[in-house]
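Heads up: the structure comes next, in structure tokens.
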Amino acid sequence: MSAVDQIFKAYDIRGKVNSELTPAVVGHIGFAFGEWLPSGGIVAVGRDMRPDSKELSDSMIAGLRAAGRNVWDIGQVTSDMIYFAVGHYRLAGGAMITASHNPGEYNGIKLCREEAKPIGEETGLFEIRDKVKALNSELGPALGQLSSKDIVEDWITHVLSFIDPAKLKPLHIVVDAGNGMAGKIFPELEPYVPFEVDELYFELDGTFPNHIANPLEPKNLVDLQKAVKTTKADAGIAFDGDGDRAVLLDEKGEPLSGTVMTAILAQFFLSKYPGSTILCNAICGRAAIEAIKAAGGKPVRTRVGHSFIKADMRKHNAVFAGEHSGHYYFKDNFMADSGLIAVVVGLYILSNSNKSLSSLAEPFRKKYVQINETNFEVKDKVATMKLIAENFADGQQDWLDGLTVNFPDSWINVRPSNTEPLLRFNAEAKTKDKLDFLTQKVTSLIKNG
């Protein structure tokens, strides 16, 4: 496998800086991307706060301009802002220099095309990879024009369009930006909302001196949980490194899972758009599906991964989609995901509920128990999944995304990683005893065959 093959993943481009992801390689990626894009017009380029993101952004811009593309440099932004820029200003495409929550020695690139459509392995990313591999010369002169564009004000206006700001009631919240891009963008929202905000780790620092900006890891929530409880705040928010994913914590410091958040947001959007379709990915819990049905909506399951979900949103004309991983997608956001929109809508629901956030979450939390996604390294992913299917033949099976086996009171899902020799295991049940039984059985099958 070549060095270029290694950095092109299923949904984006990622690698170690200076060894795998060099300025020269990024320049060639920019050139190939500029040539590949099917629409004429401007390409937006944004970047996160990592120490090398500016250099890599400049290389991406140089490659695009060498391909004849006019470029907007939109500076340091969150990843959801690149999707907004492409959709709102009707651009040809966008590139975001970021490695999201990965450690500081990594960086990467997220790409999208017109209308903020995703570019993944099945939608052109590997075609761009092959173009990069075919390049064997230095970039030519800059043929396209370069402009700087500040989109922050338009972005904040867009985020607030999902609610009625006049109906927001005062809240006390604690926000942990994890030294990531939310530390720059969240303060731009604060003047427009009646919230008392305590800020944690808002200084931009791509070396992540306090904790990795991954809110799904419990250890990364410890400081936020302590601050929420100490200050008796109404809620906490933890963002990931590039700010497109956020987790809400209730007043007790307990995070709302992707399933619970999906259920709450789904009910809000169904109150605005009765009878609409809502998507949940294959490992979203049953509480979300049941909430959608109870609110008169039409739930549709989809594969895990943003490129699949965005395509299915267009296919089903869905108004909203939720992933268990904490990504939330909105029809009125060009079918793209946004952490900031998700938490603003969540806080809007809270401020108008006359309830605590834990009270809002409780009906969905108490129905089922879930394990945290568990990864197993296996030699033959297909054979292992078939073995599990044979041993769970008494359940209702589907292969939408790996293997899902449904029982009246529980379910399991085992799906292969797109990039590693791993199987990812999820399970949910009505009781902890049943969950433990399923977990032990699947673990034994994977480890012992």
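Residues are referred to by chain and number: the chain letter is A, B, ... according to the order shown in the structure tokens, the number counts from 1 in that chain, and ligands are numbered separately from 1 in the order shown.
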
Might you pull out every residue within 9 Å of A:Pro215, with only C-alpha atoms counted and same-chain residues fewer than 5 positions away left off, and present them as a PyMOL selection string? chain A and resi 101+178+220-221+238-240+245-247+326

Please list as JSON, numbers by chain every residue within 12 Å of A:Ile264, counting only C-alpha atoms and excluding residues in the same chain fewer than 3 positions away. {"A": [248, 256, 257, 258, 259, 260, 261, 267, 268, 269, 270, 271, 287, 288, 289, 290, 291, 292, 294, 295, 320, 321, 322, 328, 342, 343, 345, 346, 347, 348, 349, 350, 353, 357, 358, 359, 360, 361, 362, 363, 364, 365]}

Would you mind exporting the chosen residues as a CSV table (one decimal), in the first residue's frame, restricted to N, CA and C atoms?
```csv
chain,number,residue,atom,x,y,z
A,248,LEU,N,-24.4,17.2,25.1
A,248,LEU,CA,-25.0,17.9,26.2
A,248,LEU,C,-24.9,17.1,27.5
A,256,LEU,N,-26.0,13.2,27.8
A,256,LEU,CA,-27.1,12.7,27.1
A,256,LEU,C,-26.5,11.9,25.9
A,257,SER,N,-26.8,10.6,25.8
A,257,SER,CA,-26.3,9.8,24.7
A,257,SER,C,-26.8,10.2,23.4
A,258,GLY,N,-26.2,9.7,22.3
A,258,GLY,CA,-26.7,10.1,21.0
A,258,GLY,C,-28.2,9.6,20.8
A,259,THR,N,-28.5,8.5,21.4
A,259,THR,CA,-29.9,8.0,21.3
A,259,THR,C,-30.9,9.0,22.0
A,260,VAL,N,-30.5,9.4,23.2
A,260,VAL,CA,-31.4,10.3,24.0
A,260,VAL,C,-31.5,11.6,23.3
A,261,MET,N,-30.4,12.2,22.8
A,261,MET,CA,-30.4,13.5,22.1
A,261,MET,C,-31.2,13.4,20.8
A,267,GLN,N,-38.4,14.8,18.4
A,267,GLN,CA,-39.7,15.3,18.8
A,267,GLN,C,-39.9,16.8,18.5
A,268,PHE,N,-38.9,17.6,18.7
A,268,PHE,CA,-38.9,19.0,18.4
A,268,PHE,C,-39.2,19.2,16.9
A,269,PHE,N,-38.5,18.5,16.0
A,269,PHE,CA,-38.6,18.7,14.6
A,269,PHE,C,-40.0,18.2,14.1
A,270,LEU,N,-40.5,17.1,14.7
A,270,LEU,CA,-41.8,16.6,14.3
A,270,LEU,C,-42.9,17.5,14.8
A,271,SER,N,-42.7,18.3,15.8
A,271,SER,CA,-43.7,19.3,16.2
A,271,SER,C,-43.7,20.5,15.2
A,287,ALA,N,-35.1,3.6,21.9
A,287,ALA,CA,-35.8,4.7,22.5
A,287,ALA,C,-36.0,5.9,21.5
A,288,ALA,N,-35.0,6.0,20.6
A,288,ALA,CA,-35.1,7.1,19.6
A,288,ALA,C,-36.2,6.7,18.5
A,289,ILE,N,-36.2,5.4,18.1
A,289,ILE,CA,-37.1,4.9,17.1
A,289,ILE,C,-38.6,5.1,17.7
A,290,GLU,N,-38.7,4.7,19.0
A,290,GLU,CA,-40.0,4.7,19.6
A,290,GLU,C,-40.5,6.2,19.8
A,291,ALA,N,-39.6,7.1,20.1
A,291,ALA,CA,-39.9,8.5,20.2
A,291,ALA,C,-40.4,9.1,18.9
A,292,ILE,N,-39.8,8.7,17.8
A,292,ILE,CA,-40.2,9.2,16.5
A,292,ILE,C,-41.6,8.7,16.2
A,294,ALA,N,-43.9,7.7,18.3
A,294,ALA,CA,-44.9,8.3,19.2
A,294,ALA,C,-45.3,9.7,18.8
A,295,ALA,N,-44.3,10.4,18.2
A,295,ALA,CA,-44.6,11.8,17.8
A,295,ALA,C,-45.2,11.9,16.4
A,320,PHE,N,-34.5,15.5,9.7
A,320,PHE,CA,-33.4,15.4,10.8
A,320,PHE,C,-32.9,14.0,10.8
A,321,ALA,N,-31.6,13.8,11.2
A,321,ALA,CA,-31.0,12.5,11.4
A,321,ALA,C,-30.1,12.6,12.6
A,322,GLY,N,-30.1,11.4,13.4
A,322,GLY,CA,-29.2,11.4,14.5
A,322,GLY,C,-28.4,10.1,14.5
A,328,TYR,N,-25.4,15.1,14.4
A,328,TYR,CA,-26.8,15.4,14.1
A,328,TYR,C,-26.9,16.2,12.8
A,342,ALA,N,-27.2,21.6,17.0
A,342,ALA,CA,-27.8,20.6,17.9
A,342,ALA,C,-27.9,21.1,19.3
A,343,VAL,N,-26.9,21.7,19.8
A,343,VAL,CA,-26.9,22.1,21.2
A,343,VAL,C,-27.8,23.4,21.4
A,345,VAL,N,-30.5,24.1,19.7
A,345,VAL,CA,-31.9,23.6,19.7
A,345,VAL,C,-32.2,22.8,21.0
A,346,GLY,N,-31.2,22.0,21.5
A,346,GLY,CA,-31.4,21.4,22.7
A,346,GLY,C,-31.6,22.3,23.9
A,347,LEU,N,-30.8,23.4,24.0
A,347,LEU,CA,-30.9,24.4,25.0
A,347,LEU,C,-32.2,25.2,24.9
A,348,TYR,N,-32.7,25.4,23.7
A,348,TYR,CA,-34.0,26.1,23.4
A,348,TYR,C,-35.1,25.2,24.0
A,349,ILE,N,-35.1,23.9,23.7
A,349,ILE,CA,-36.1,23.0,24.3
A,349,ILE,C,-36.1,23.0,25.8
A,350,LEU,N,-34.8,23.0,26.4
A,350,LEU,CA,-34.7,23.0,27.8
A,350,LEU,C,-35.3,24.3,28.4
A,353,SER,N,-39.0,24.4,28.6
A,353,SER,CA,-39.7,23.2,29.1
A,353,SER,C,-40.2,23.3,30.6
A,357,LEU,N,-32.9,19.3,32.6
A,357,LEU,CA,-32.5,18.5,31.5
A,357,LEU,C,-32.5,17.0,31.8
A,358,SER,N,-32.2,16.6,33.1
A,358,SER,CA,-32.3,15.2,33.5
A,358,SER,C,-33.7,14.7,33.4
A,359,SER,N,-34.7,15.6,33.7
A,359,SER,CA,-36.1,15.2,33.6
A,359,SER,C,-36.5,15.0,32.2
A,360,LEU,N,-36.0,15.9,31.3
A,360,LEU,CA,-36.3,15.7,29.9
A,360,LEU,C,-35.7,14.4,29.3
A,361,ALA,N,-34.6,14.1,29.8
A,361,ALA,CA,-33.9,12.9,29.3
A,361,ALA,C,-34.4,11.6,29.9
A,362,GLU,N,-34.9,11.6,31.1
A,362,GLU,CA,-35.3,10.4,31.9
A,362,GLU,C,-36.2,9.5,31.1
A,363,PRO,N,-37.3,9.9,30.5
A,363,PRO,CA,-38.2,9.0,29.8
A,363,PRO,C,-37.4,8.1,28.8
A,364,PHE,N,-36.4,8.6,28.2
A,364,PHE,CA,-35.7,7.9,27.1
A,364,PHE,C,-34.5,7.1,27.7
A,365,ARG,N,-34.0,7.6,28.8
A,365,ARG,CA,-32.8,6.9,29.5
A,365,ARG,C,-33.3,5.6,30.2
```

Expressed in Å, the length from atom CA of A:Ser161 to atom CA of A:Tyr83 is 16.3 Å

Which is closest to A:Glu35 among A:Leu64, A:Leu279, A:Val17, A:Ile237, if we use only C-alpha atoms? A:Leu64

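Remark: for A:Ile446, the closest of the candidate residues A:Lys386, A:Leu125, A:Asp398, A:Asn107 is A:Lys386 (distances computed over only C-alpha atoms).
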
Would you mind listing what lies within 9 Å of stretch 406-422 of chain A as a ChimeraX atom specification, with only C-alpha atoms counted and same-chain residues fewer than 5 positions away left out? /A:9-10,282-283,286,368,375-382,385,388,394-398,401,427-431,434-435,438-439,442

Backbone DSSP call of helix (DSSP H, G or I) for stretch 36-266 of chain A, listed as a PyMOL selection string: chain A and resi 36+53-66+79-88+114-116+125-134+152-160+165-167+182-192+218-231+258-266

Deliver the residues from the most recent selection as a file, using C-alpha atoms, as an mmCIF file, in the first residue's frame.
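Once everything was written out, this is again33.cif:
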```
data_model
loop_
_atom_site.group_PDB
_atom_site.id
_atom_site.type_symbol
_atom_site.label_atom_id
_atom_site.label_comp_id
_atom_site.auth_asym_id
_atom_site.auth_seq_id
_atom_site.Cartn_x
_atom_site.Cartn_y
_atom_site.Cartn_z
ATOM 1 C CA TRP A 36 -12.334 16.448 -10.008
ATOM 2 C CA SER A 53 -3.137 23.557 9.766
ATOM 3 C CA LYS A 54 -2.210 26.971 8.346
ATOM 4 C CA GLU A 55 0.669 25.521 6.295
ATOM 5 C CA LEU A 56 -1.482 22.659 5.035
ATOM 6 C CA SER A 57 -4.329 25.057 4.246
ATOM 7 C CA ASP A 58 -1.944 27.197 2.188
ATOM 8 C CA SER A 59 -0.857 24.079 0.299
ATOM 9 C CA MET A 60 -4.467 23.074 -0.370
ATOM 10 C CA ILE A 61 -5.191 26.572 -1.672
ATOM 11 C CA ALA A 62 -2.101 26.498 -3.887
ATOM 12 C CA GLY A 63 -3.185 23.180 -5.392
ATOM 13 C CA LEU A 64 -6.717 24.406 -6.061
ATOM 14 C CA ARG A 65 -5.460 27.597 -7.680
ATOM 15 C CA ALA A 66 -3.003 25.634 -9.834
ATOM 16 C CA SER A 79 -16.085 21.835 10.220
ATOM 17 C CA ASP A 80 -19.825 22.425 10.063
ATOM 18 C CA MET A 81 -19.068 25.940 8.826
ATOM 19 C CA ILE A 82 -17.411 24.591 5.671
ATOM 20 C CA TYR A 83 -20.630 22.733 4.834
ATOM 21 C CA PHE A 84 -22.603 25.913 5.498
ATOM 22 C CA ALA A 85 -20.303 27.996 3.315
ATOM 23 C CA VAL A 86 -20.625 25.640 0.360
ATOM 24 C CA GLY A 87 -24.401 25.331 0.683
ATOM 25 C CA HIS A 88 -25.279 28.913 1.620
ATOM 26 C CA GLU A 114 -21.766 21.481 -4.362
ATOM 27 C CA GLU A 115 -24.766 21.705 -1.997
ATOM 28 C CA ALA A 116 -22.448 20.434 0.759
ATOM 29 C CA LEU A 125 -12.826 10.315 -2.668
ATOM 30 C CA PHE A 126 -10.937 7.357 -4.110
ATOM 31 C CA GLU A 127 -11.139 8.895 -7.595
ATOM 32 C CA ILE A 128 -9.368 11.944 -6.155
ATOM 33 C CA ARG A 129 -6.839 9.598 -4.509
ATOM 34 C CA ASP A 130 -6.080 7.964 -7.856
ATOM 35 C CA LYS A 131 -5.591 11.369 -9.463
ATOM 36 C CA VAL A 132 -3.104 12.256 -6.710
ATOM 37 C CA LYS A 133 -1.170 9.035 -7.289
ATOM 38 C CA ALA A 134 -0.922 9.831 -11.006
ATOM 39 C CA VAL A 152 -19.017 33.966 11.001
ATOM 40 C CA GLU A 153 -21.888 36.470 11.175
ATOM 41 C CA ASP A 154 -23.861 34.663 8.481
ATOM 42 C CA TRP A 155 -23.205 31.356 10.247
ATOM 43 C CA ILE A 156 -24.515 32.575 13.617
ATOM 44 C CA THR A 157 -27.623 33.997 11.901
ATOM 45 C CA HIS A 158 -28.148 30.604 10.269
ATOM 46 C CA VAL A 159 -27.762 28.705 13.564
ATOM 47 C CA LEU A 160 -30.303 30.957 15.285
ATOM 48 C CA PRO A 165 -34.343 33.567 19.925
ATOM 49 C CA ALA A 166 -36.966 35.847 21.485
ATOM 50 C CA LYS A 167 -38.398 32.820 23.318
ATOM 51 C CA ALA A 182 -15.583 25.884 19.398
ATOM 52 C CA GLY A 183 -13.410 28.138 21.570
ATOM 53 C CA LYS A 184 -13.367 30.659 18.745
ATOM 54 C CA ILE A 185 -16.916 30.258 17.431
ATOM 55 C CA PHE A 186 -19.065 29.791 20.562
ATOM 56 C CA PRO A 187 -18.229 33.299 21.886
ATOM 57 C CA GLU A 188 -19.687 34.677 18.648
ATOM 58 C CA LEU A 189 -23.040 33.172 19.655
ATOM 59 C CA GLU A 190 -23.047 34.376 23.243
ATOM 60 C CA PRO A 191 -24.217 37.991 22.631
ATOM 61 C CA TYR A 192 -27.400 36.660 21.006
ATOM 62 C CA PRO A 218 -15.757 9.622 29.625
ATOM 63 C CA LYS A 219 -12.305 10.689 30.848
ATOM 64 C CA ASN A 220 -12.544 13.815 28.677
ATOM 65 C CA LEU A 221 -15.721 14.936 30.470
ATOM 66 C CA VAL A 222 -14.354 14.874 34.030
ATOM 67 C CA ASP A 223 -13.484 18.585 34.257
ATOM 68 C CA LEU A 224 -16.786 19.634 32.694
ATOM 69 C CA GLN A 225 -18.797 17.381 34.994
ATOM 70 C CA LYS A 226 -17.057 18.828 38.028
ATOM 71 C CA ALA A 227 -17.703 22.391 36.854
ATOM 72 C CA VAL A 228 -21.391 21.727 36.121
ATOM 73 C CA LYS A 229 -21.973 20.281 39.584
ATOM 74 C CA THR A 230 -19.814 22.842 41.429
ATOM 75 C CA THR A 231 -21.519 25.845 39.827
ATOM 76 C CA GLY A 258 -26.742 10.076 21.001
ATOM 77 C CA THR A 259 -29.912 8.017 21.310
ATOM 78 C CA VAL A 260 -31.430 10.291 23.968
ATOM 79 C CA MET A 261 -30.442 13.470 22.131
ATOM 80 C CA THR A 262 -31.849 12.084 18.883
ATOM 81 C CA ALA A 263 -35.154 11.322 20.602
ATOM 82 C CA ILE A 264 -35.425 14.831 22.084
ATOM 83 C CA LEU A 265 -34.480 16.630 18.879
ATOM 84 C CA ALA A 266 -36.678 14.366 16.753
#
```

Residues near A:Val197, cut-off 6 Å, only C-alpha atoms, skip fewer than 2 positions along chain, as number ranges by chain: A: 173-174, 195

Contacts of A:Met181 at 8 Å (only C-alpha atoms; same-chain gap of 5+ positions) as a PyMOL selection string: chain A and resi 48-49+76-78+204+241-243

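With only C-alpha atoms as the basis for measurement, A:Ala24 is the residue among A:Ile109, A:Ala24, A:Leu200, A:Ala92 that approaches A:Ser137 most closely.
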
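The gap separating atom CA of A:Lys310 from atom CA of A:Gly75 is 25.2 Å, in Å to one decimal.
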
Picked from stretch 283-412 of chain A by DSSP as strand (DSSP E), as an MDAnalysis selection string: chainID A and resid 298:302 320:322 328:330 336:337 369:370 374:377 396:398 403:407 410:412

Same residues, N, CA and C atoms, saved as an mmCIF file, in the first residue's frame:
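This went into again18.cif:
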```cif
data_model
loop_
_atom_site.group_PDB
_atom_site.id
_atom_site.type_symbol
_atom_site.label_atom_id
_atom_site.label_comp_id
_atom_site.auth_asym_id
_atom_site.auth_seq_id
_atom_site.Cartn_x
_atom_site.Cartn_y
_atom_site.Cartn_z
ATOM 1 N N LYS A 298 -41.857 9.207 10.859
ATOM 2 C CA LYS A 298 -41.518 7.977 10.146
ATOM 3 C C LYS A 298 -40.028 7.690 10.333
ATOM 4 N N PRO A 299 -39.673 6.737 11.195
ATOM 5 C CA PRO A 299 -38.248 6.430 11.392
ATOM 6 C C PRO A 299 -37.707 5.563 10.267
ATOM 7 N N VAL A 300 -36.502 5.876 9.836
ATOM 8 C CA VAL A 300 -35.808 5.072 8.825
ATOM 9 C C VAL A 300 -34.398 4.813 9.318
ATOM 10 N N ARG A 301 -33.982 3.557 9.348
ATOM 11 C CA ARG A 301 -32.619 3.203 9.751
ATOM 12 C C ARG A 301 -31.672 3.385 8.574
ATOM 13 N N THR A 302 -30.447 3.796 8.881
ATOM 14 C CA THR A 302 -29.451 4.006 7.848
ATOM 15 C C THR A 302 -28.098 3.497 8.326
ATOM 16 N N PHE A 320 -34.451 15.500 9.721
ATOM 17 C CA PHE A 320 -33.449 15.406 10.779
ATOM 18 C C PHE A 320 -32.906 13.986 10.811
ATOM 19 N N ALA A 321 -31.646 13.838 11.232
ATOM 20 C CA ALA A 321 -31.047 12.521 11.412
ATOM 21 C C ALA A 321 -30.125 12.554 12.620
ATOM 22 N N GLY A 322 -30.084 11.447 13.355
ATOM 23 C CA GLY A 322 -29.222 11.371 14.520
ATOM 24 C C GLY A 322 -28.365 10.120 14.492
ATOM 25 N N TYR A 328 -25.428 15.095 14.396
ATOM 26 C CA TYR A 328 -26.839 15.376 14.127
ATOM 27 C C TYR A 328 -26.947 16.200 12.846
ATOM 28 N N TYR A 329 -27.878 15.779 11.991
ATOM 29 C CA TYR A 329 -27.985 16.313 10.633
ATOM 30 C C TYR A 329 -29.340 16.986 10.445
ATOM 31 N N PHE A 330 -29.351 18.065 9.650
ATOM 32 C CA PHE A 330 -30.548 18.876 9.525
ATOM 33 C C PHE A 330 -30.827 19.197 8.056
ATOM 34 N N ALA A 336 -26.521 18.591 6.205
ATOM 35 C CA ALA A 336 -25.228 18.381 6.857
ATOM 36 C C ALA A 336 -25.376 18.396 8.375
ATOM 37 N N ASP A 337 -24.339 17.913 9.056
ATOM 38 C CA ASP A 337 -24.333 17.840 10.513
ATOM 39 C C ASP A 337 -23.776 19.113 11.121
ATOM 40 N N VAL A 369 -30.784 -0.267 28.461
ATOM 41 C CA VAL A 369 -29.372 -0.077 28.823
ATOM 42 C C VAL A 369 -28.528 -0.515 27.628
ATOM 43 N N GLN A 370 -27.441 0.218 27.396
ATOM 44 C CA GLN A 370 -26.557 -0.057 26.257
ATOM 45 C C GLN A 370 -25.128 -0.184 26.738
ATOM 46 N N THR A 374 -17.663 -1.366 21.512
ATOM 47 C CA THR A 374 -16.449 -2.113 21.846
ATOM 48 C C THR A 374 -15.809 -2.629 20.564
ATOM 49 N N ASN A 375 -14.503 -2.427 20.426
ATOM 50 C CA ASN A 375 -13.772 -2.868 19.236
ATOM 51 C C ASN A 375 -12.999 -4.143 19.516
ATOM 52 N N PHE A 376 -13.043 -5.059 18.561
ATOM 53 C CA PHE A 376 -12.281 -6.304 18.641
ATOM 54 C C PHE A 376 -11.437 -6.446 17.381
ATOM 55 N N GLU A 377 -10.160 -6.779 17.560
ATOM 56 C CA GLU A 377 -9.294 -7.030 16.404
ATOM 57 C C GLU A 377 -9.482 -8.478 15.966
ATOM 58 N N GLN A 396 -34.256 -11.975 14.770
ATOM 59 C CA GLN A 396 -34.543 -11.372 13.469
ATOM 60 C C GLN A 396 -33.279 -10.656 12.982
ATOM 61 N N GLN A 397 -32.749 -11.075 11.839
ATOM 62 C CA GLN A 397 -31.452 -10.572 11.375
ATOM 63 C C GLN A 397 -31.596 -9.666 10.154
ATOM 64 N N ASP A 398 -30.724 -8.669 10.094
ATOM 65 C CA ASP A 398 -30.574 -7.901 8.851
ATOM 66 C C ASP A 398 -29.106 -7.527 8.697
ATOM 67 N N LEU A 403 -23.961 -6.950 10.848
ATOM 68 C CA LEU A 403 -25.042 -7.844 11.265
ATOM 69 C C LEU A 403 -25.795 -7.236 12.446
ATOM 70 N N THR A 404 -27.096 -7.081 12.291
ATOM 71 C CA THR A 404 -27.963 -6.702 13.407
ATOM 72 C C THR A 404 -28.899 -7.870 13.698
ATOM 73 N N VAL A 405 -29.013 -8.233 14.969
ATOM 74 C CA VAL A 405 -29.946 -9.275 15.395
ATOM 75 C C VAL A 405 -30.898 -8.661 16.416
ATOM 76 N N ASN A 406 -32.192 -8.711 16.097
ATOM 77 C CA ASN A 406 -33.215 -8.137 16.963
ATOM 78 C C ASN A 406 -33.984 -9.219 17.709
ATOM 79 N N PHE A 407 -34.215 -8.965 18.997
ATOM 80 C CA PHE A 407 -35.089 -9.761 19.832
ATOM 81 C C PHE A 407 -36.151 -8.825 20.417
ATOM 82 N N SER A 410 -34.279 -6.814 23.118
ATOM 83 C CA SER A 410 -32.857 -6.491 22.983
ATOM 84 C C SER A 410 -32.421 -6.570 21.528
ATOM 85 N N TRP A 411 -31.180 -6.119 21.287
ATOM 86 C CA TRP A 411 -30.579 -6.272 19.965
ATOM 87 C C TRP A 411 -29.065 -6.216 20.087
ATOM 88 N N ILE A 412 -28.398 -6.778 19.079
ATOM 89 C CA ILE A 412 -26.942 -6.657 18.959
ATOM 90 C C ILE A 412 -26.604 -6.201 17.543
#
```

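Here atom CA of A:Ser147 and atom CA of A:Gly41 stand 13.2 Å from one another.
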
Leaving out A:Ile119 and any residue of its chain fewer than 2 positions from it, which residues lie within 10 Å of it when counting only C-alpha atoms, given as a ChimeraX atom specification? /A:10-12,93,110-113,116-117,121-126,128,306-307

Can you write just those residues out, N, CA and C atoms, as a CSV table (one decimal), in the first residue's frame?
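Okay, this is what ended up in selection25.csv:
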```csv
chain,number,residue,atom,x,y,z
A,10,ALA,N,-12.2,6.1,4.6
A,10,ALA,CA,-13.5,5.9,4.0
A,10,ALA,C,-14.3,7.2,3.8
A,11,TYR,N,-14.1,8.1,4.7
A,11,TYR,CA,-14.9,9.4,4.7
A,11,TYR,C,-14.0,10.6,4.6
A,12,ASP,N,-12.8,10.5,4.8
A,12,ASP,CA,-11.9,11.7,4.8
A,12,ASP,C,-10.5,11.3,4.5
A,93,GLY,N,-17.4,23.6,-4.0
A,93,GLY,CA,-17.0,22.6,-3.1
A,93,GLY,C,-16.3,23.3,-1.9
A,110,LYS,N,-11.3,17.2,5.3
A,110,LYS,CA,-12.7,16.8,4.9
A,110,LYS,C,-13.1,17.5,3.7
A,111,LEU,N,-13.7,16.8,2.7
A,111,LEU,CA,-14.0,17.4,1.5
A,111,LEU,C,-15.5,17.3,1.2
A,112,CYS,N,-16.1,18.3,0.6
A,112,CYS,CA,-17.5,18.2,0.1
A,112,CYS,C,-17.6,18.9,-1.2
A,113,ARG,N,-18.7,18.6,-1.9
A,113,ARG,CA,-18.9,19.2,-3.3
A,113,ARG,C,-20.1,20.1,-3.2
A,116,ALA,N,-23.0,21.1,-0.4
A,116,ALA,CA,-22.4,20.4,0.8
A,116,ALA,C,-22.6,18.9,0.7
A,117,LYS,N,-22.6,18.3,-0.5
A,117,LYS,CA,-22.7,16.9,-0.6
A,117,LYS,C,-21.4,16.3,-0.2
A,121,GLU,N,-15.7,7.3,0.1
A,121,GLU,CA,-15.1,6.3,-0.7
A,121,GLU,C,-16.0,5.9,-1.9
A,122,GLU,N,-17.3,6.0,-1.8
A,122,GLU,CA,-18.3,5.7,-2.8
A,122,GLU,C,-18.7,6.9,-3.6
A,123,THR,N,-18.3,8.1,-3.2
A,123,THR,CA,-18.8,9.3,-3.9
A,123,THR,C,-17.6,10.2,-4.4
A,124,GLY,N,-16.5,9.6,-4.7
A,124,GLY,CA,-15.4,10.3,-5.4
A,124,GLY,C,-14.1,10.4,-4.7
A,125,LEU,N,-14.1,10.1,-3.4
A,125,LEU,CA,-12.8,10.3,-2.7
A,125,LEU,C,-11.7,9.5,-3.2
A,126,PHE,N,-12.0,8.2,-3.6
A,126,PHE,CA,-10.9,7.4,-4.1
A,126,PHE,C,-10.6,7.7,-5.6
A,128,ILE,N,-10.3,10.9,-6.4
A,128,ILE,CA,-9.4,11.9,-6.2
A,128,ILE,C,-8.0,11.3,-5.7
A,306,HIS,N,-21.4,9.6,7.9
A,306,HIS,CA,-22.0,10.8,7.4
A,306,HIS,C,-22.4,10.7,5.9
A,307,SER,N,-21.5,10.1,5.1
A,307,SER,CA,-21.8,10.1,3.7
A,307,SER,C,-23.1,9.3,3.4
```

If you count only C-alpha atoms, which residues fall within 10 Å of A:Ala67, apart from same-chain ones fewer than 6 positions away, as a list in words? His28, Gly30, Phe31, Ala32, Phe33, Gly34, Glu35, Trp36, Ile61, Leu139, Gly140, Pro141, Ala142, Leu143 and Gly144 of chain A
